[in-house]
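J.: Structure: data.txt, compact mmCIF, C-alpha atoms.
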```txt
# COMPACT_ATOMS: atom_id res chain seq x y z
CA MET A 93 -70.64 -68.97 155.43
CA PHE A 94 -68.37 -67.46 152.78
CA LYS A 95 -68.89 -68.49 149.17
CA LYS A 96 -66.97 -65.70 147.52
CA ILE A 97 -64.05 -63.83 149.08
CA LEU A 98 -62.41 -60.80 147.51
CA PHE A 99 -58.78 -60.71 148.63
CA ALA A 100 -57.27 -57.34 147.78
CA THR A 101 -53.51 -57.71 147.90
CA SER A 102 -50.40 -55.71 147.17
CA ALA A 103 -48.73 -59.10 146.59
CA THR A 104 -45.85 -57.83 148.73
CA ARG A 105 -44.67 -58.78 152.20
CA ALA A 106 -47.13 -56.27 153.69
CA SER A 107 -49.93 -58.62 152.59
CA ASP A 108 -48.26 -61.92 153.51
CA HIS A 109 -50.09 -62.50 156.76
CA ALA A 110 -53.40 -61.47 155.23
CA ALA A 111 -52.65 -63.92 152.41
CA ARG A 112 -52.27 -66.76 154.89
CA VAL A 113 -55.69 -65.88 156.33
CA ALA A 114 -57.27 -65.50 152.88
CA PHE A 115 -56.00 -68.77 151.46
CA ASN A 116 -56.66 -70.79 154.59
CA ILE A 117 -60.18 -69.43 155.07
CA ALA A 118 -61.00 -69.98 151.40
CA ARG A 119 -59.75 -73.55 151.61
CA ALA A 120 -61.34 -74.32 154.98
CA TYR A 121 -64.74 -72.93 154.00
CA HIS A 122 -64.63 -73.99 150.32
CA ALA A 123 -64.96 -70.44 149.11
CA ARG A 124 -63.97 -69.05 145.73
CA LEU A 125 -61.09 -66.63 146.18
CA ASP A 126 -60.93 -63.57 143.95
CA ILE A 127 -57.33 -62.35 144.22
CA PHE A 128 -57.34 -58.71 143.23
CA HIS A 129 -54.31 -56.51 142.75
CA VAL A 130 -54.24 -52.83 141.90
CA LEU A 131 -50.85 -52.48 140.29
CA GLY A 132 -50.53 -48.72 140.54
CA VAL A 133 -52.01 -45.28 140.11
CA PRO A 134 -51.83 -43.54 136.70
CA SER A 135 -49.58 -40.50 136.78
CA ARG A 136 -52.45 -38.44 135.27
CA GLY A 137 -56.09 -39.15 134.49
CA TYR A 138 -56.40 -41.75 131.68
CA SER A 139 -52.60 -41.89 131.39
CA GLN A 140 -51.05 -45.27 130.60
CA VAL A 141 -47.98 -44.40 132.68
CA VAL A 142 -48.24 -45.97 136.09
CA VAL A 143 -45.93 -46.30 139.09
CA ASP A 144 -45.96 -50.03 139.83
CA ILE A 145 -46.64 -50.62 143.54
CA LYS A 146 -44.39 -53.70 143.64
CA THR A 147 -41.39 -52.54 141.61
CA ARG A 148 -41.79 -48.78 142.26
CA GLU A 149 -40.95 -48.16 138.60
CA ARG A 150 -42.82 -46.02 136.09
CA VAL A 151 -44.24 -48.34 133.48
CA ASP A 152 -46.38 -48.14 130.36
CA VAL A 153 -49.33 -50.33 131.14
CA ASP A 154 -50.67 -52.44 128.30
CA ASP A 155 -52.22 -55.91 128.09
CA ASP A 156 -48.79 -57.59 128.09
CA TYR A 157 -47.77 -55.80 131.26
CA MET A 158 -51.04 -56.70 132.99
CA ALA A 159 -50.56 -60.35 131.98
CA TRP A 160 -46.98 -60.24 133.31
CA VAL A 161 -48.16 -58.86 136.67
CA GLN A 162 -50.81 -61.57 136.82
CA ASP A 163 -48.12 -64.21 136.26
CA GLU A 164 -45.97 -62.60 138.95
CA ILE A 165 -48.85 -62.87 141.44
CA THR A 166 -49.44 -66.50 140.48
CA THR A 167 -45.75 -67.20 141.15
CA TYR A 168 -45.76 -65.22 144.42
CA TYR A 169 -48.65 -67.28 145.78
CA ALA A 170 -47.72 -70.55 144.02
CA ASP A 171 -47.52 -72.57 147.25
CA TYR A 172 -51.02 -71.56 148.27
CA LEU A 173 -52.59 -72.11 144.85
CA LYS A 174 -51.90 -75.85 144.75
CA ASN A 175 -54.36 -78.65 145.47
CA GLY A 176 -57.53 -77.49 143.79
CA LEU A 177 -58.16 -74.11 145.38
CA ASP A 178 -60.95 -72.32 143.52
CA TYR A 179 -59.46 -68.93 142.63
CA ASP A 180 -59.20 -66.18 140.08
CA ILE A 181 -56.60 -63.42 139.72
CA HIS A 182 -57.50 -59.94 138.50
CA VAL A 183 -55.24 -56.94 138.00
CA ALA A 184 -56.42 -53.34 137.71
CA VAL A 185 -54.99 -49.83 137.48
CA GLY A 186 -56.24 -46.92 139.56
CA LEU A 187 -56.67 -45.72 143.12
CA PRO A 188 -56.63 -48.90 145.24
CA ALA A 189 -59.66 -48.12 147.43
CA ARG A 190 -61.81 -47.08 144.47
CA GLU A 191 -60.82 -50.11 142.40
CA ILE A 192 -61.37 -52.54 145.28
CA LEU A 193 -64.84 -51.10 145.90
CA ARG A 194 -65.58 -51.19 142.16
CA ARG A 195 -64.52 -54.84 141.99
CA ALA A 196 -66.67 -55.60 145.04
CA ARG A 197 -69.70 -54.00 143.40
CA GLU A 198 -69.15 -56.12 140.29
CA THR A 199 -68.54 -59.46 141.97
CA GLU A 200 -70.62 -59.04 145.16
CA PRO A 201 -68.37 -61.02 147.51
CA ASP A 202 -69.50 -62.20 150.97
CA LEU A 203 -66.29 -60.83 152.43
CA ILE A 204 -63.50 -58.44 151.45
CA LEU A 205 -60.13 -59.32 152.92
CA LEU A 206 -57.41 -56.69 153.20
CA GLY A 207 -53.84 -56.74 154.39
CA GLY A 208 -51.64 -54.16 156.11
CA SER A 209 -50.73 -50.74 154.87
CA THR A 210 -48.04 -50.30 152.23
CA GLU A 211 -47.78 -46.58 152.85
CA GLU A 212 -44.07 -46.11 153.27
CA GLU A 213 -44.30 -42.52 154.40
CA HIS A 214 -45.88 -43.65 157.64
CA ASP A 215 -42.84 -44.98 159.39
CA GLY A 216 -42.31 -46.33 162.87
CA VAL A 217 -44.93 -45.89 165.53
CA TYR A 218 -47.09 -43.69 163.30
CA LYS A 219 -47.41 -46.37 160.66
CA LYS A 220 -48.18 -49.02 163.23
CA THR A 221 -50.97 -47.05 164.89
CA VAL A 222 -52.80 -45.66 161.90
CA ALA A 223 -55.06 -47.58 159.60
CA GLY A 224 -53.97 -47.03 155.98
CA THR A 225 -56.09 -44.84 153.72
CA THR A 226 -57.11 -47.77 151.50
CA LEU A 227 -58.20 -49.75 154.50
CA GLN A 228 -60.12 -46.82 155.98
CA LYS A 229 -61.92 -46.04 152.73
CA VAL A 230 -62.82 -49.65 151.96
CA ALA A 231 -63.94 -50.41 155.52
CA ARG A 232 -66.17 -47.33 155.54
CA ALA A 233 -67.77 -47.80 152.13
CA ALA A 234 -67.96 -51.56 151.53
CA ARG A 235 -71.37 -53.18 151.28
CA CYS A 236 -70.15 -56.45 152.77
CA PRO A 237 -68.08 -57.29 155.87
CA VAL A 238 -64.40 -56.36 155.60
CA LEU A 239 -61.83 -58.56 157.27
CA VAL A 240 -58.50 -56.90 157.95
CA VAL A 241 -55.18 -58.40 158.96
CA THR A 242 -52.59 -55.77 159.76
CA ARG A 243 -50.17 -57.51 162.15
CA PRO A 244 -48.34 -60.83 161.79
CA ALA A 245 -49.95 -61.74 165.12
CA ALA A 246 -53.34 -61.51 163.40
CA SER A 247 -52.45 -64.17 160.88
CA PHE A 248 -54.08 -67.60 160.52
CA TRP A 249 -53.39 -69.94 163.42
CA GLY A 250 -55.63 -72.89 162.66
CA GLY A 251 -59.21 -71.71 162.23
CA ILE A 252 -61.96 -69.78 163.94
CA SER A 253 -63.30 -71.22 167.18
CA SER A 254 -63.68 -68.17 169.39
CA ILE A 255 -65.14 -64.80 168.36
CA THR A 256 -65.20 -61.52 170.28
CA PHE A 257 -68.04 -59.23 169.31
CA GLY A 258 -67.52 -55.64 170.47
CA THR A 259 -70.70 -53.62 170.88
CA ASP A 260 -71.59 -50.02 171.63
CA PHE A 261 -75.33 -50.87 171.53
CA SER A 262 -75.90 -48.88 168.34
CA LYS A 263 -78.08 -50.03 165.43
CA ALA A 264 -74.90 -50.74 163.48
CA SER A 265 -73.74 -52.95 166.35
CA ASP A 266 -77.02 -54.85 166.18
CA LYS A 267 -76.31 -55.61 162.51
CA ALA A 268 -72.80 -56.71 163.41
CA PHE A 269 -74.26 -58.92 166.14
CA GLU A 270 -76.49 -60.68 163.61
CA PHE A 271 -73.41 -61.45 161.55
CA ALA A 272 -71.35 -62.55 164.59
CA LEU A 273 -74.16 -64.83 165.78
CA LYS A 274 -74.58 -66.40 162.34
CA MET A 275 -70.87 -66.96 162.10
CA ALA A 276 -70.66 -68.50 165.59
CA LEU A 277 -73.60 -70.81 164.78
CA THR A 278 -72.22 -71.83 161.39
CA LEU A 279 -68.70 -72.46 162.65
CA ASN A 280 -69.86 -73.85 165.99
CA CYS A 281 -67.64 -71.56 168.01
CA GLU A 282 -67.70 -69.55 171.21
CA LEU A 283 -69.07 -66.02 171.09
CA HIS A 284 -67.92 -63.41 173.59
CA VAL A 285 -70.09 -60.32 173.69
CA PHE A 286 -68.10 -57.40 175.00
CA HIS A 287 -68.69 -53.76 175.80
CA ALA A 288 -65.97 -51.34 176.81
CA LEU A 289 -67.07 -48.54 179.08
CA ALA A 290 -65.15 -45.41 178.06
CA ILE A 291 -63.51 -43.83 181.06
CA THR A 292 -62.75 -40.11 181.17
CA SER A 293 -59.03 -39.62 180.86
CA LEU A 294 -56.96 -38.54 183.86
CA SER A 295 -56.11 -35.25 182.21
CA SER A 296 -59.72 -34.15 181.83
CA GLU A 297 -61.66 -32.25 184.43
CA ARG A 298 -64.13 -34.82 185.65
CA LEU A 299 -62.89 -38.15 186.84
CA MET A 300 -65.43 -40.90 187.52
CA SER A 301 -65.33 -42.48 190.95
CA GLN A 302 -64.82 -46.25 191.11
CA ASP A 303 -68.32 -46.59 192.55
CA ASP A 304 -69.73 -44.77 189.51
CA ILE A 305 -67.70 -46.96 187.17
CA GLU A 306 -68.87 -50.17 188.79
CA GLN A 307 -72.46 -48.95 188.79
CA LYS A 308 -72.20 -48.23 185.07
CA ILE A 309 -70.64 -51.65 184.43
CA ARG A 310 -73.62 -53.31 186.12
CA GLU A 311 -76.00 -51.18 184.05
CA LYS A 312 -74.25 -52.10 180.80
CA LEU A 313 -74.24 -55.78 181.72
CA ARG A 314 -78.01 -55.59 182.14
CA VAL A 315 -78.25 -53.94 178.71
CA ILE A 316 -76.16 -56.73 177.15
CA ARG A 317 -78.31 -59.39 178.77
CA ALA A 318 -81.56 -57.80 177.66
CA ARG A 319 -80.36 -57.05 174.16
CA TYR A 320 -78.41 -60.16 173.22
CA GLU A 321 -78.88 -63.06 175.62
CA PRO A 322 -82.18 -64.40 174.25
CA ARG A 323 -80.44 -64.89 170.89
CA LEU A 324 -77.19 -66.12 172.44
CA LYS A 325 -78.97 -69.07 174.01
CA THR A 326 -78.92 -70.79 170.62
CA LEU A 327 -75.15 -71.15 171.06
CA LYS A 328 -73.36 -73.81 173.06
CA GLN A 329 -70.89 -71.39 174.58
CA TYR A 330 -71.09 -67.66 175.06
CA THR A 331 -70.02 -65.04 177.57
CA MET A 332 -70.98 -61.42 178.23
CA GLU A 333 -68.55 -58.96 179.71
CA VAL A 334 -68.11 -55.24 180.35
CA TRP A 335 -64.72 -53.71 181.12
CA GLU A 336 -63.80 -50.10 181.76
CA GLY A 337 -60.99 -48.22 180.08
CA ILE A 338 -60.02 -46.98 176.65
CA PRO A 339 -62.47 -48.89 174.42
CA TYR A 340 -60.13 -50.06 171.67
CA MET A 341 -57.47 -51.15 174.17
CA GLU A 342 -59.99 -53.07 176.26
CA ILE A 343 -61.36 -54.88 173.21
CA VAL A 344 -57.87 -55.92 172.11
CA LYS A 345 -57.02 -57.08 175.67
CA TYR A 346 -60.30 -58.92 176.09
CA ALA A 347 -59.89 -60.74 172.77
CA ARG A 348 -56.41 -61.81 173.86
CA GLU A 349 -57.73 -63.07 177.20
CA THR A 350 -60.46 -65.11 175.54
CA HIS A 351 -58.02 -66.46 172.92
CA SER A 352 -60.29 -65.10 170.22
CA ASP A 353 -59.41 -65.86 166.59
CA LEU A 354 -61.62 -63.07 165.33
CA ILE A 355 -63.05 -59.73 166.45
CA ILE A 356 -66.28 -58.45 164.91
CA MET A 357 -67.29 -54.81 165.26
CA ALA A 358 -69.55 -52.29 163.59
CA HIS A 359 -68.02 -49.43 161.68
CA HIS A 360 -70.12 -46.31 162.04
CA SER A 361 -68.52 -43.65 159.98
CA ARG A 362 -69.36 -43.67 156.29
CA LYS A 363 -67.53 -40.41 155.75
CA LEU A 364 -64.48 -40.90 153.61
CA GLU A 365 -62.45 -38.17 155.26
CA THR A 366 -62.53 -37.24 158.92
CA ASP A 367 -60.72 -34.67 161.01
CA ASP A 368 -59.27 -37.39 163.19
CA ARG A 369 -57.60 -39.24 160.32
CA ALA A 370 -54.42 -39.76 162.32
CA PHE A 371 -56.29 -41.35 165.18
CA GLY A 372 -59.16 -43.12 163.47
CA SER A 373 -62.25 -44.58 165.07
CA ASN A 374 -62.28 -47.26 167.74
CA VAL A 375 -62.68 -50.01 165.15
CA GLU A 376 -59.74 -48.66 163.16
CA GLN A 377 -57.60 -48.67 166.28
CA VAL A 378 -58.70 -52.23 167.04
CA ILE A 379 -57.81 -53.21 163.48
CA VAL A 380 -54.21 -52.00 163.79
CA ARG A 381 -53.67 -53.37 167.30
CA ALA A 382 -55.53 -56.68 167.49
CA GLY A 383 -53.74 -59.98 167.76
CA CYS A 384 -56.34 -61.59 165.51
CA PRO A 385 -58.17 -60.61 162.31
CA VAL A 386 -60.93 -58.01 162.66
CA ILE A 387 -64.17 -57.92 160.69
CA SER A 388 -65.67 -54.50 160.30
CA ILE A 389 -69.33 -54.20 159.29
CA ASN A 390 -70.81 -50.89 158.27
CA ARG A 391 -74.27 -51.80 157.06
CA MET B 1301 -37.76 -86.16 191.00
CA GLN B 1302 -37.50 -86.06 187.21
CA LYS B 1303 -39.29 -83.16 185.53
CA LYS B 1304 -41.78 -84.19 182.85
CA ILE B 1305 -41.93 -82.80 179.31
CA LEU B 1306 -44.71 -83.47 176.80
CA ILE B 1307 -43.72 -83.02 173.14
CA ILE B 1308 -46.53 -82.38 170.65
CA ASP B 1309 -45.57 -82.39 166.97
CA ASP B 1310 -46.86 -84.09 163.83
CA ASP B 1311 -43.33 -84.76 162.53
CA PRO B 1312 -42.13 -88.15 163.89
CA ASN B 1313 -38.49 -87.13 163.36
CA ILE B 1314 -38.96 -84.10 165.61
CA LEU B 1315 -40.70 -86.26 168.23
CA ASP B 1316 -37.78 -88.73 168.22
CA TYR B 1317 -35.16 -86.02 168.24
CA LEU B 1318 -36.67 -83.95 171.05
CA SER B 1319 -37.51 -87.02 173.09
CA ALA B 1320 -33.87 -88.21 172.89
CA LEU B 1321 -32.55 -84.72 173.61
CA PHE B 1322 -34.65 -84.23 176.73
CA THR B 1323 -34.20 -87.80 177.99
CA ASP B 1324 -30.40 -87.51 177.62
CA ASN B 1325 -30.60 -84.38 179.74
CA GLY B 1326 -32.45 -86.05 182.58
CA TYR B 1327 -36.10 -85.32 181.75
CA ASP B 1328 -38.99 -87.75 181.61
CA THR B 1329 -40.76 -87.34 178.25
CA GLN B 1330 -43.90 -88.35 176.45
CA VAL B 1331 -44.87 -87.57 172.87
CA ALA B 1332 -48.10 -86.91 170.99
CA PRO B 1333 -48.54 -86.56 167.20
CA ASP B 1334 -51.52 -84.18 167.26
CA ALA B 1335 -53.54 -81.82 169.42
CA VAL B 1336 -56.22 -84.35 170.40
CA LYS B 1337 -53.76 -87.00 171.55
CA GLY B 1338 -51.70 -84.20 173.10
CA LEU B 1339 -54.58 -83.22 175.34
CA GLU B 1340 -55.28 -86.84 176.34
CA THR B 1341 -51.61 -87.38 177.18
CA ALA B 1342 -51.37 -84.06 179.02
CA ARG B 1343 -54.30 -84.98 181.30
CA ARG B 1344 -52.72 -88.33 182.15
CA PHE B 1345 -49.04 -87.33 182.23
CA GLU B 1346 -49.47 -83.90 183.91
CA PRO B 1347 -46.26 -82.50 182.40
CA ASP B 1348 -44.14 -79.72 183.92
CA LEU B 1349 -43.59 -78.29 180.43
CA ILE B 1350 -45.04 -78.75 176.95
CA THR B 1351 -43.34 -78.15 173.60
CA LEU B 1352 -45.96 -77.43 170.99
CA ASP B 1353 -45.95 -77.35 167.19
CA ILE B 1354 -48.32 -74.86 165.55
CA GLU B 1355 -49.37 -76.27 162.20
CA MET B 1356 -50.60 -79.85 162.58
CA PRO B 1357 -53.22 -81.94 160.79
CA GLY B 1358 -56.61 -81.50 162.44
CA GLU B 1359 -56.43 -78.96 165.22
CA TRP B 1360 -53.54 -76.54 165.31
CA GLY B 1361 -51.42 -75.72 168.36
CA PRO B 1362 -53.30 -72.57 169.41
CA ARG B 1363 -56.53 -74.53 169.71
CA PHE B 1364 -54.78 -77.14 171.86
CA TYR B 1365 -53.54 -74.28 174.05
CA ARG B 1366 -57.03 -72.83 174.44
CA GLN B 1367 -58.43 -76.21 175.49
CA MET B 1368 -55.52 -76.78 177.84
CA MET B 1369 -56.20 -73.42 179.52
CA GLN B 1370 -59.64 -74.68 180.51
CA ILE B 1371 -58.22 -77.64 182.45
CA LYS B 1372 -57.43 -76.73 186.04
CA GLU B 1373 -54.47 -79.11 186.34
CA LEU B 1374 -52.87 -77.87 183.11
CA LYS B 1375 -53.61 -74.18 182.83
CA ASN B 1376 -50.37 -73.07 184.49
CA THR B 1377 -48.15 -75.45 182.53
CA PRO B 1378 -45.53 -73.51 180.54
CA VAL B 1379 -45.55 -73.96 176.78
CA ILE B 1380 -42.67 -73.55 174.34
CA VAL B 1381 -43.77 -73.12 170.72
CA ILE B 1382 -41.53 -75.01 168.27
CA SER B 1383 -42.61 -74.38 164.70
CA GLY B 1384 -41.35 -73.55 161.23
CA LEU B 1385 -44.26 -71.22 160.53
CA SER B 1386 -43.32 -67.57 160.01
CA GLY B 1387 -44.38 -65.29 162.84
CA ASN B 1388 -44.73 -68.26 165.22
CA GLU B 1389 -43.84 -66.02 168.17
CA HIS B 1390 -47.30 -64.47 167.77
CA ALA B 1391 -49.27 -67.71 167.63
CA ILE B 1392 -49.62 -68.15 171.39
CA PRO B 1393 -49.06 -64.83 173.15
CA LYS B 1394 -48.68 -66.44 176.57
CA ALA B 1395 -46.15 -69.08 175.50
CA ILE B 1396 -42.90 -68.69 177.46
CA ALA B 1397 -40.81 -68.93 174.28
CA ALA B 1398 -41.13 -69.47 170.54
CA VAL B 1399 -38.38 -71.40 168.78
CA LYS B 1400 -38.18 -71.50 165.00
CA LYS B 1401 -37.36 -74.76 163.20
CA PRO B 1402 -34.60 -75.61 162.48
CA PHE B 1403 -33.61 -74.82 166.05
CA ASP B 1404 -30.43 -74.66 168.07
CA ARG B 1405 -30.53 -77.55 170.60
CA GLU B 1406 -28.40 -75.70 173.14
CA GLU B 1407 -30.69 -72.67 173.01
CA LEU B 1408 -33.75 -74.88 173.48
CA LEU B 1409 -32.15 -76.72 176.41
CA ARG B 1410 -31.21 -73.41 177.99
CA ILE B 1411 -34.87 -72.24 177.83
CA VAL B 1412 -36.09 -75.56 179.25
CA LYS B 1413 -33.53 -75.47 182.12
CA GLU B 1414 -34.36 -71.84 182.86
CA THR B 1415 -38.05 -72.71 183.06
CA LEU B 1416 -37.85 -75.96 184.99
CA GLY B 1417 -34.90 -75.05 187.21
```
Kindly present the structure from the file in structure tokens form.

T.:
Amino acid sequence: MFKKILFATSATRASDHAARVAFNIARAYHARLDIFHVLGVPSRGYSQVVVDIKTRERVDVDDDYMAWVQDEITTYYADYLKNGLDYDIHVAVGLPAREILRRARETEPDLILLGGSTEEEHDGVYKKTVAGTTLQKVARAARCPVLVVTRPAASFWGGISSITFGTDFSKASDKAFEFALKMALTLNCELHVFHALAITSLSSERLMSQDDIEQKIREKLRVIRARYEPRLKTLKQYTMEVWEGIPYMEIVKYARETHSDLIIMAHHSRKLETDDRAFGSNVEQVIVRAGCPVISINR
Amino acid sequence: MQKKILIIDDDPNILDYLSALFTDNGYDTQVAPDAVKGLETARRFEPDLITLDIEMPGEWGPRFYRQMMQIKELKNTPVIVISGLSGNEHAIPKAIAAVKKPFDREELLRIVKETLG
């Protein structure tokens, strides 16, 4: 399923739970792991002076410093690197999102794996409910699926045996479905196809009646059946479900109820900046709230 | 009637220790060294409580929990996670408690007594 995984890491505690997922998936699925670290952003264009993301110090970056950082990463992940794991460590300088995408273009991984945000300015609730800029940019622009682990709860707990696929019936969702189905077949796991019916909020003018909601749920269930069930029959175990509510919340709740180890969703927006940066799209909200890793697919 | 506790852990020292601890405190115990044997024992023993390790050879604790949830006789059985893995409180969201190894025996007994009455 995955032959080459690009694991972009800050090699700090913010990436620890993502690291557990990256190393365990690479080992379980015999993938080559490309551990990639962007050590900092140059103070000016082409400058050699960089603020190191780990030490927070201004440093003159030369080959010796890069080699030292590489050694530091090897030491940081020493426990995981034992016992014949196929891996490589690369260090770069620049804007993290741009460098990660550049590395991905060069190495063409099957999967990019990212950890939580290291943005210190986003404290408290704000930090916990907003996808970091690196994550947003990579998830929107990557050419391959992007797996994100932002919470300790979304760490590795023994493998993937149950997948929730969240759909909004778009073309992008159809692509994501192909990937989810392939993954469920390859890993021989359950696939739960889920749609969340967005309900108008209480504060807005028009409130849907419960009869309307239930009618719409039945309609959407018919759409799911028509669209996905013929393909789902190739699987041993699958379910189809529609719930009403706030879409990202319902997806997170449904994945918890089905004990899913993975959520797969399409990412629609390819724009790098949006007006709703602080809120993000549904998939970005799922990413920061889910109790399991989330794979975002944008093409 | 004695309450029954099933202990699932791949570390034989932990199995011995917990078994002695619970037996000394009046509980009937059985042990299993992995998730597969855990499920077999759980079906037969029908425990009132299960203590569950997370990282075990073969299937991990969360997978045992998922399978257990599909068995009518077991799905309401409370589970206490006992593991050395960081963040173990997140491994099984519906576990009644998560205890980190090395654990305080009095604290564990208090949770067990609170749960089983």

J.: Compute the chain B side of the contact with chain A at 8 Å, counting all atoms listed in the file, and hand it back as a ChimeraX atom specification.

T.: /B:1354-1355,1359-1363,1366,1387,1390-1391,1393

J.: When you count only C-alpha atoms, which of these residues is closest to Lys1413 of chain B: B:Leu1349, B:Ala1320, B:Ile1308, B:Leu1315?

T.: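 Ranked by minimum distance to Lys1413 of chain B, first place goes to B:Leu1349.
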
J.: Would you pick out the contacts of Gln1330 of chain B at 12 Å or less, using only C-alpha atoms, so that residues sharing its chain but fewer than 3 positions from it are not included, and give the list as a ChimeraX atom specification?

T.: /B:1303-1309,1315-1316,1318-1320,1322-1323,1327,1333,1337-1351

J.: For the atom pair atom CA of Gln1370 of chain B and atom CA of Ser1383 of chain B, what is the interatomic distance in Å to one decimal place?

T.: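 Those two atoms sit 23.2 Å apart.
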
J.: By how many Å are atom CA of Asp1353 of chain B and atom CA of Val378 of chain A apart?

T.: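 Straight-line distance from atom CA of Asp1353 of chain B to atom CA of Val378 of chain A works out to 28.2 Å.
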
J.: Using all atoms listed in the file, which residue out of B:Leu1352, B:Gln1367, B:Lys1375, B:Val1412 lies closest to Lys1400 of chain B?

T.: B:Leu1352

J.: Set up a box along x, y and z of the file covering all listed atoms of segment 165-174 of chain A, add 5 Å on every one of the six sides, and write the centre and edge lengths in Å to one decimal, as lines of an AutoDock Vina configuration file.

T.:
```
center_x = -49.2
center_y = -69.4
center_z = 144.4
size_x = 16.8
size_y = 23.0
size_z = 17.8
```

J.: Can you tell me which residues surround Ile1392 of chain B at a distance of at most 8 Å, considering only C-alpha atoms, apart from same-chain residues fewer than 3 positions away, and format the answer as a list in words?

T.: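 Contacts, in chain order: Pro1362, Tyr1365, Val1381, Asn1388, Glu1389 and Ala1395 of chain B.
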
J.: Check the smallest atom-to-atom distance from each of B:Val1379, B:Met1356, B:Met1301, B:Leu1385 to Thr1415 of chain B using only C-alpha atoms, then report the winner.

T.: B:Val1379

J.: Would you compute the distance between atom CA of Thr259 of chain A and atom CA of Ile305 of chain A? Give it in Å to one decimal.

T.: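 Straight-line distance from atom CA of Thr259 of chain A to atom CA of Ile305 of chain A works out to 17.9 Å.
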
J.: Name the closest residue to Phe1403 of chain B among the candidates B:Ala1335, B:Gly1358, B:Leu1374, B:Ile1382; distances are taken between atoms, counting only C-alpha atoms.

T.: B:Ile1382

J.: Can you tell me, as an mmCIF file with C-alpha atoms, keeping the file's coordinate frame, what residues are no more than 7 Å from segment 265-273 of chain A when counting all atoms listed in the file, ignoring any on the same chain fewer than 2 positions away?

T.:
```
data_model
loop_
_atom_site.group_PDB
_atom_site.id
_atom_site.type_symbol
_atom_site.label_atom_id
_atom_site.label_comp_id
_atom_site.auth_asym_id
_atom_site.auth_seq_id
_atom_site.Cartn_x
_atom_site.Cartn_y
_atom_site.Cartn_z
ATOM 1 C CA PHE A 257 -68.040 -59.230 169.310
ATOM 2 C CA THR A 259 -70.700 -53.620 170.880
ATOM 3 C CA ASP A 260 -71.590 -50.020 171.630
ATOM 4 C CA PHE A 261 -75.330 -50.870 171.530
ATOM 5 C CA SER A 262 -75.900 -48.880 168.340
ATOM 6 C CA LYS A 263 -78.080 -50.030 165.430
ATOM 7 C CA MET A 275 -70.870 -66.960 162.100
ATOM 8 C CA ALA A 276 -70.660 -68.500 165.590
ATOM 9 C CA LEU A 277 -73.600 -70.810 164.780
ATOM 10 C CA ILE A 356 -66.280 -58.450 164.910
ATOM 11 C CA MET A 357 -67.290 -54.810 165.260
ATOM 12 C CA ALA A 358 -69.550 -52.290 163.590
ATOM 13 C CA ILE A 389 -69.330 -54.200 159.290
ATOM 14 C CA ARG A 391 -74.270 -51.800 157.060
#
```

J.: At a cut-off of 10 Å, using only C-alpha atoms, what residues contact Lys328 of chain A? Leave out same-chain residues fewer than 3 positions from it and give the result as a list in words.

T.: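 Final neighbour list, sorted by chain and number: Ala276, Leu277, Asn280, Cys281, Glu282, Leu283, Leu324 and Lys325 of chain A.
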
J.: Please provide as a PyMOL selection string all residues within 6 Å of segment 115-129 of chain A, with the sequence filter that same-chain residues fewer than 5 positions apart are discarded (counting all atoms listed in the file).

T.: chain A and resi 94-102+178-183

J.: Rank B:Pro1312, B:Ile1380, B:Glu1414, B:Thr1329 by their smallest atom-to-atom distance to Val1399 of chain B, using all atoms listed in the file, and report the top residue only.

T.: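 Of B:Pro1312, B:Ile1380, B:Glu1414, B:Thr1329, the one nearest Val1399 of chain B, counting all atoms listed in the file, is B:Ile1380.
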
J.: Quick one: of A:Met300, A:Leu173, A:Leu203, A:Met341, who's nearest to Val380 of chain A, counting only C-alpha atoms?

T.: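 The closest residue to Val380 of chain A is A:Met341.
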